[in-house]
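These notes are about the structure you will find just below.
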Amino acid sequence: MQVAELGGISLLGLLVGIAASALASRNRCVRRGPAALGAALVFGVTRPGSPAGTQTALLVQGNVDPREKLAGQADADWQRYLRLTWRGLQRGAADLVLWPETAVTWATRPAALAQVPVPVLLGAAVTQAGQPFNSALLSLRGVVAGRYDKIRLVPFGEFFPGRRR
């Protein structure tokens with residue numbers, strides 16, 4: 001429902017709750033809920049569409065088993081994502097390539113992106129001064145043009161408590 005763009009999930013939840021209450025209640029005041037839900041549906045159906053995009057992104061999903069990452073398959077991960085990136089670029093031009101969060105370990109092969117002709121936004125495990133980071137990196141031909149480090153890592157997903165970092 002496009003009404004969520006007006007008030008977010010809170011407004012959408014409120015409308016659904018009012019409609020459900022109206023259906024379950026015999027109170028005339030509450031029976032106006034379906035009218036509000038109907039108005040929201042009319043808004044969603046009649047609002048103008050979004051303008052056409054001007055940029056094309058190539059989304060790469062390597063489908064890597066998390067157990068393989070724990071086993072230290074960093075080189076294999078790089079090969080997989082590079083192979084999928086080249087395959088996607090051969091099928092059509094893209095203005096940006098996107099890899100998922102923690103797709104690769106950055107320290108192992110950043111120069112491998114030097115041949116990719118478009119910017120690559122990727123998630124990478126980065127270690128700096130012995131501290132692990134889950135980072136988003138923007139690579140322009142293998143050179144980091146931008147970096148964002150996740151502030152709070154998820155226990156057991158991105159680090160193991162009690163284990164030396």
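Chain identifiers are assigned as A, B, and so on, following the order in which chains appear in the structure tokens; residues are numbered from 1 within each chain, and ligands are numbered from 1 in order of appearance.
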
Exercise: Ala145 of chain A partners within 12 Å, only C-alpha atoms, chain neighbours under 2 positions left out, as a list in words
Pro119, Val120, Leu121, Leu122, Ala136, Leu137, Leu138, Ser139, Leu140, Arg141, Gly142, Val143, Arg147 and Tyr148 of chain A

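Those residues that approach segment 84-93 of chain A to within 8 Å, counting only C-alpha atoms, are Thr56, Leu58, Val60, Gly62, Arg80, Tyr81, Val97 and Val116 of chain A; same-chain residues fewer than 3 positions away are not listed.
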
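Between atom CA of Gln128 of chain A and atom CA of Leu59 of chain A there is a distance of 27.5 Å.
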
Just the helix (DSSP H, G or I) stuff from segment 1-137 of chain A, please, per backbone DSSP, written as a ChimeraX atom specification.
/A:4-24,30-46,66-70,74-91,106-108,110-115

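Interatomic distance, atom CA of Pro100 of chain A against atom CA of Val64 of chain A: 10.4 Å.
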
Point-to-point distance from atom CA of Gly123 of chain A to atom CA of Asp149 of chain A, Å rounded to tenths:
9.7 Å

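Each of A:Leu113, A:Leu153, A:Thr102, A:Gln2 was checked against Gln131 of chain A using only C-alpha atoms; the smallest atom-to-atom distance is that of A:Leu153.
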
Which is closest to Asp95 of chain A among A:Arg83, A:Arg67, A:Gln55, A:Trp78, if we use only C-alpha atoms?
A:Gln55
